[in-house]
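A.B. asks: Quick one: structure below, then a few questions.
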Amino acid sequence: MRIPLIFALSTVASLAAAQNQPNTVLVMDGSGSMWGQVDGVAKITIAQQVVGNLLTDFPAEQGLGLTVYGHRERGECTDIETVVPPSPGTAAQISNAVNAIKPLGKTPMTDAVIAAAEALRYTEEKATVILVSDGVETCNPDPCAAARLLEEAGIDFTAHVIGFDVGSDPEALAQMQCIAEETGGQFLTADTADQLTDALTQVAVAEPEPEPEPALVPTTLTAVIEATETLVPGPVLWDLSGGTDIILDDAQGNPLTLDLAEGSYTATAYSTALETELSRQFVAIGDSATVQIAFPEPQETARIIAPAEAVAGSTIEVGWDGPDGKEDYIGIGLSDADGGEQWHNWSYTSEGNPVSLLVPPTTGPHKIRYFKRDGREAIGEADIMVTPASASLTALAEAPAGSKISVEWTGPNYHEDYIGIGKVGAAGGERWENWVYVEAGSPVTLTVPPEPGSYEITYFMRQNRTPLTTVAFTATDVSARIVAPSEAVAGSTIEVGWSGPDYKEDYIGIGRVDATGGERWENWTYTSEGSPLDLVMPAEPGEYLITYFQRQDRTPLVSAPITLSAVAASLRAPEKATVGSAIQVEWTGPDYHEDYIGVGKVDATGGERWENWSYTRDGSPLNLTMPVTPGEYLITYFQRQDRTPLISIPITLTPVEVTLSAPNEAVAGATIKVDWTGPDYHEDYIGIGKIDATGGAQWQNWAYTRDGSPADLTVPPVPGSYLIRYFLRQDRSAVTEIPITVTAADASLIAPSAASPGSTIEIGWTGPDYHEDYIGIGPVGATGGAQWQSWAYTRDGNPATLTVPETPGEYVVQYFMRQDRTGIAEVPLKVE
């Protein structure tokens with residue numbers, strides 16, 4: 001911050017200072033919108049009054065002119081008139097001309113600025129234009145570009161712009177601001193007569209040259225802490241005197257920068273944080289002066305306001321008075337503890353005053369302290385006694401393992417307090433097997449662990465998992481029974497009878513006798529399905545166990561053995577078949593849910609091997625589609641469970657015979673006949689695509705073989721070398737191909753070279769006249785949907801009738817093939 005000692009005197013500028021300005025032309029808006037009213041008065045009337053008042057005292061020697069637009073004709077962009085050429089002594093003439101304006105037409109404000117610049121001979125002399133307008137440009141499409149050209153061509157050209165009652169029209173505001181910025185002028189807005197007067201005065205008046213300031217000494221006043229030379233915290237107020245003169249009185253800043261005349265001064269600094277005042281005499285001389293006042297280092301203290309006692313685990317409010325530095329905090333800990341153990345809980349002072357502080361779960365005398373984060377220095381403290389928190393539990397003395405019991409409780413019910421159950425002799429995390437939060441109220445429902453034995457039920461404070469009270473509990477044995485056959489066929493479904501506790505999500509599982517872990521229990525059914533329940537046997541023969549499981553910890557209660565025997569199946573199919581054909585396969589087998597017959601290559605593995613399949617539920621025989629690549633394959637019966645193969649037979653796939661016949665060349669976009677022979681499988685098709693294209697771009701057009709031979713195939717619109725191919729729909733496999741050359745399609749257009757905006761013109765044409773071909777008109781160089789603003793289909797006759805766009809400019813008329821919107825002929829069109 002710089003506070004100057006000596007200020008230059010200034011006076012209110014008047015229009016008499018205008019003799020310092022270059023020749024100026026005032027550009028007035030005479031468009032129809034100037035009849036709009038502001039506070040019940042027409043805008044043109046306000047403008048006439050304001051301009052008349054300003055011109056009353058205008059100096060005769062200053063060159064001034066007037067250009068008006070939109071005042072003579074409706075809807076005419078050329079209605080621009082330099083009513084008074086720029087010259088001295090024109091104030092009265094301009095005032096009379098402004099008073100004679102009758103708003104009528106459009107808003108060609110850009111071209112009016114250009115006309116004013118030309119009247120000022122802006123390419124030869126310094127020139128200024130002042131534009132007053134109330135609306136958006138309605139004639140010139142690019143005011144910014146026009147202003148930029150004026151700036152580049154002018155000697156020293158400036159355009160000031162005043163938007164009168166423009167409101168919040170973003171387009172008008174943007175246009176006016178751009179004209180001013182491109183020429184280095186000012187852009188101002190006015191919504192009232194007074195604001196219009198101020199704006200015109202600001203751009204029409206030249207400020208007088210300021211008086212030169214006397215040479216001063218840049219001086220810096222700084223208040224620091226003596227030991228560290230760091231800035232004094234908080235606001236610093238300065239008094240400054242020189243002799244009998246009072247220069248500063250309670251000026252705030254640290255450092256404080258100001259300019260002083262050479263001499264002797266006395267500076268007094270008052271620190272509001274330290275509540276201390278110090279003075280120093282100094283001399284300002286030379287290029288600069290630096291004055292430092294050093295305050296003694298303060299000793300920081302803090303106060304703590306807290307209750308004398310609180311219950312363990314509760315949350316209390318603590319008031320404080322301290323420096324509140326970054327990450328300062330209030331901590332609580334045992335009075336006789338050391339180090340990290342002492343300060344159990346804390347809250348940052350940035351959280352407010354008072355802060356909420358969680359009391360530790362330990363009882364006894366504690367201290368609450370204010371800590372500075374830097375060095376963890378305690379600068380204030382208070383004593384607090386932490387009293388015990390009480391709780392009680394009421395529950396059954398015993399219940400079956402895995403069951404649910406009700407536990408009544410009383411206690412502090414702090415956030416996330418809970419009741420846990422664990423074995424008496426267990427330690428650590430293993431001890432507390434199940435728990436439930438008390439926040440839902442009393443009683444709570446607690447699940448007994450699945451293992452019988454002696455347990456404890458305990459109420460815990462969540463903080464440090466602190467136990468408050470405990471009761472003894474015994475989990476008694478729980479029994480279960482399984483009734484199932486001793487033998488079954490692999491993959492079959494059997495009924496299993498059972499009895500047991502039927503806890504939530506208990507289940508009956510089957511697994512190999514010698515398997516372990518997750519591999520052992522292959523299939524299962526929840527006991528919630530009732531007794532007996534259906535259990536699917538694994539797909540592999542062997543020795544298994546059927547077991548009743550408690551869902552909790554997957555605890556087994558009882559098992560029964562079962563032997564699974566192999567399941568038989570057979571297949572019968574042709575030894576050979578044509579690729580892509582559908583053959584009949586006879587089969588016998590278990591026909592389990594979603595069993596299927598698959599075909600795959602002999603030497604393939606994984607998912608690649610089984611290319612096609614059919615479900616056995618479709619009956620025997622079933623239809624199986626062969627792959628499209630010739631070679632040696634296997635047909636296999638699969639159990640759906642684990643995709644287990646039961647039996648396989650070989651089959652050889654031979655190539656399919658296909659022929660194609662088509663013209664050697666065709667015109668782009670035409671439809672040709674393609675003769676073909678082939679298997680005509682479901683959705684086989686004939687495609688055409690470029691020889692060197694790849695992926696989806698290659699096969700541009702196609703026809704299904706189901707539509708018969710010859711097939712009608714549309715040729716792409718771009719000339720070049722192409723291939724016609726026969727495709728098997730399965731895997732889109734091409735089995736034969738022939739080449740074709742696509743030649744360009746001829747077209748021509750007969751159109752006028754120029755047309756008026758919005759008019760209707762006729763376009764003569766020659767061309768292929770394919771389905772939905774059209775004639776379009778759009779701007780030169782435009783892309784996408786914006787280019788073709790008007791069009792007509794060739795099917796509607798020759799010549800075609802098109803509407804010319806409303807915006808003047810350079811356009812093209814083009815003949816388009818509808819396929820890919822491909823243009824094949826064009827002529828220029830000028831809209832003016």
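In the structure tokens, chains take letters A, B, ... by order of appearance, with residues numbered from 1 within each chain and ligands from 1 in the order shown.
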Would you mind listing what lies within 6 Å of range 403-420 of chain A as a PyMOL selection string, with only C-alpha atoms counted and same-chain residues fewer than 3 positions away left out?
C.D. replies: chain A and resi 390-395+400+432+434-438+442-448+457-462
A.B. asks: Near His160 in chain A, within 6 Å and counting only C-alpha atoms, which residues show up once chain neighbours fewer than 5 positions away are dropped, as a ChimeraX atom specification?
C.D. replies: /A:130,180,185-186
A.B. asks: If we count only C-alpha atoms, what is near Ala703 in chain A at a cut-off of 9 Å, once residues fewer than 5 positions away on the same chain are taken out, given as a PDB file with N, CA, C and O atoms, in the first residue's frame?
C.D. replies:
ATOM      1  N   ASP A 684     -27.188 -65.620 -45.088  1.00  0.00           N
ATOM      2  CA  ASP A 684     -26.039 -65.447 -45.979  1.00  0.00           C
ATOM      3  C   ASP A 684     -26.257 -64.179 -46.800  1.00  0.00           C
ATOM      4  O   ASP A 684     -27.411 -63.793 -47.079  1.00  0.00           O
ATOM      5  N   TYR A 685     -25.173 -63.513 -47.219  1.00  0.00           N
ATOM      6  CA  TYR A 685     -25.356 -62.276 -47.953  1.00  0.00           C
ATOM      7  C   TYR A 685     -24.215 -62.054 -48.945  1.00  0.00           C
ATOM      8  O   TYR A 685     -23.125 -62.618 -48.825  1.00  0.00           O
ATOM      9  N   ILE A 686     -24.497 -61.207 -49.959  1.00  0.00           N
ATOM     10  CA  ILE A 686     -23.519 -60.771 -50.970  1.00  0.00           C
ATOM     11  C   ILE A 686     -23.127 -59.340 -50.620  1.00  0.00           C
ATOM     12  O   ILE A 686     -23.982 -58.467 -50.498  1.00  0.00           O
ATOM     13  N   GLY A 687     -21.809 -59.084 -50.437  1.00  0.00           N
ATOM     14  CA  GLY A 687     -21.354 -57.757 -50.048  1.00  0.00           C
ATOM     15  C   GLY A 687     -20.385 -57.174 -51.050  1.00  0.00           C
ATOM     16  O   GLY A 687     -19.717 -57.895 -51.797  1.00  0.00           O
ATOM     17  N   ALA A 711     -29.069 -61.247 -57.228  1.00  0.00           N
ATOM     18  CA  ALA A 711     -29.297 -60.310 -56.125  1.00  0.00           C
ATOM     19  C   ALA A 711     -29.101 -58.879 -56.629  1.00  0.00           C
ATOM     20  O   ALA A 711     -28.228 -58.622 -57.455  1.00  0.00           O
ATOM     21  N   ASP A 712     -29.948 -57.957 -56.135  1.00  0.00           N
ATOM     22  CA  ASP A 712     -29.790 -56.533 -56.455  1.00  0.00           C
ATOM     23  C   ASP A 712     -28.813 -55.920 -55.455  1.00  0.00           C
ATOM     24  O   ASP A 712     -29.082 -55.869 -54.256  1.00  0.00           O
ATOM     25  N   LEU A 713     -27.658 -55.396 -55.951  1.00  0.00           N
ATOM     26  CA  LEU A 713     -26.607 -54.873 -55.091  1.00  0.00           C
ATOM     27  C   LEU A 713     -26.293 -53.429 -55.489  1.00  0.00           C
ATOM     28  O   LEU A 713     -26.011 -53.160 -56.666  1.00  0.00           O
ATOM     29  N   THR A 714     -26.373 -52.517 -54.547  1.00  0.00           N
ATOM     30  CA  THR A 714     -26.096 -51.095 -54.813  1.00  0.00           C
ATOM     31  C   THR A 714     -24.592 -50.850 -54.753  1.00  0.00           C
ATOM     32  O   THR A 714     -23.923 -51.194 -53.781  1.00  0.00           O
TER      33      THR A 714
END
A.B. asks: How close does range 659-682 of chain A get to range 580-591 of chain A? List, as a Markdown table, each residue of range 659-682 of chain A within 12 Å, its nearest atom pair and the distance in Å to one decimal, counting only C-alpha atoms.
C.D. replies:
| residue | atom | partner | partner_atom | distance |
| --- | --- | --- | --- | --- |
| A:Gly678 | CA | A:Gly580 | CA | 11.3 |
| A:Pro679 | CA | A:Ser581 | CA | 8.1 |
| A:Asp680 | CA | A:Ser581 | CA | 9.9 |
| A:Tyr681 | CA | A:Ser581 | CA | 7.4 |
| A:His682 | CA | A:Gly580 | CA | 9.8 |
A.B. asks: From a DSSP calculation on the backbone, collect every residue of range 57-136 of chain A in alpha helix (DSSP H) and output the set as number ranges by chain.
C.D. replies: A: 91-99, 109-119
A.B. asks: Just to confirm, what's the straight-line distance from CA of Gly720 in chain A to CA of Thr736 in chain A in Å (one decimal)?
C.D. replies: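 Separation between CA of Gly720 in chain A and CA of Thr736 in chain A: 20.1 Å.
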A.B. asks: Run DSSP on the backbone and tell me which residues of range 91-270 of chain A come out as strand (DSSP E or B); list them as a VMD selection string.
C.D. replies: chain A and resid 105 126 to 133 156 to 164 187 to 190 217 to 225 231 236 to 242 245 to 252 256 to 260 263 to 270
A.B. asks: My list of candidates is A:Val827, A:Val98, A:Ala490, A:Val291. Which is closest to Glu810 in chain A when distances are computed with only C-alpha atoms?
C.D. replies: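 Smallest distance to Glu810 in chain A is found for A:Val827.
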A.B. asks: Hey, what's within 9 Å of range 654-657 of chain A if we count only C-alpha atoms and toss same-chain stuff fewer than 2 positions away? As a list in words, please?
C.D. replies: Lys576, Ala577, Thr578, Val579, Gly580, Val628, Thr629, Pro630, Gly631, Thr652, Thr659, Thr677, Gly678, Pro679, Val735 and Thr736 of chain A
A.B. asks: Next, write the just-selected residues to a file, as an mmCIF file, in the first residue's frame, keeping C-alpha atoms as the atom set.
C.D. replies:
data_model
loop_
_atom_site.group_PDB
_atom_site.id
_atom_site.type_symbol
_atom_site.label_atom_id
_atom_site.label_comp_id
_atom_site.auth_asym_id
_atom_site.auth_seq_id
_atom_site.Cartn_x
_atom_site.Cartn_y
_atom_site.Cartn_z
ATOM 1 C CA LYS A 576 -18.875 -85.821 -42.981
ATOM 2 C CA ALA A 577 -20.773 -82.567 -43.562
ATOM 3 C CA THR A 578 -20.444 -79.288 -45.455
ATOM 4 C CA VAL A 579 -19.186 -76.259 -43.516
ATOM 5 C CA GLY A 580 -22.049 -74.135 -42.203
ATOM 6 C CA VAL A 628 -17.596 -72.462 -41.243
ATOM 7 C CA THR A 629 -13.945 -73.594 -41.377
ATOM 8 C CA PRO A 630 -13.179 -77.007 -43.002
ATOM 9 C CA GLY A 631 -11.291 -79.536 -40.863
ATOM 10 C CA THR A 652 -15.056 -84.057 -41.009
ATOM 11 C CA THR A 659 -20.031 -69.019 -57.531
ATOM 12 C CA THR A 677 -24.918 -70.155 -56.446
ATOM 13 C CA GLY A 678 -24.252 -71.270 -52.903
ATOM 14 C CA PRO A 679 -25.700 -72.868 -49.779
ATOM 15 C CA VAL A 735 -16.070 -68.062 -49.293
ATOM 16 C CA THR A 736 -15.524 -66.542 -52.767
#
A.B. asks: I want to know what sits within 8 Å of Val38 in chain A, based on only C-alpha atoms, with residues of the same chain fewer than 5 positions away left out; could you give that as number ranges by chain?
C.D. replies: A: 43, 165, 191-192
A.B. asks: May I ask for the distance between CA of Gln195 in chain A and CA of Gly70 in chain A, given in Å to one decimal place?
C.D. replies: 23.8 Å
A.B. asks: Just checking: using only C-alpha atoms, which residue out of A:Val113, A:Leu749, A:Pro108, A:Thr268 ends up closest to Pro141 in chain A?
C.D. replies: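 Going through A:Val113, A:Leu749, A:Pro108, A:Thr268 one by one, the smallest distance to Pro141 in chain A is for A:Pro108.
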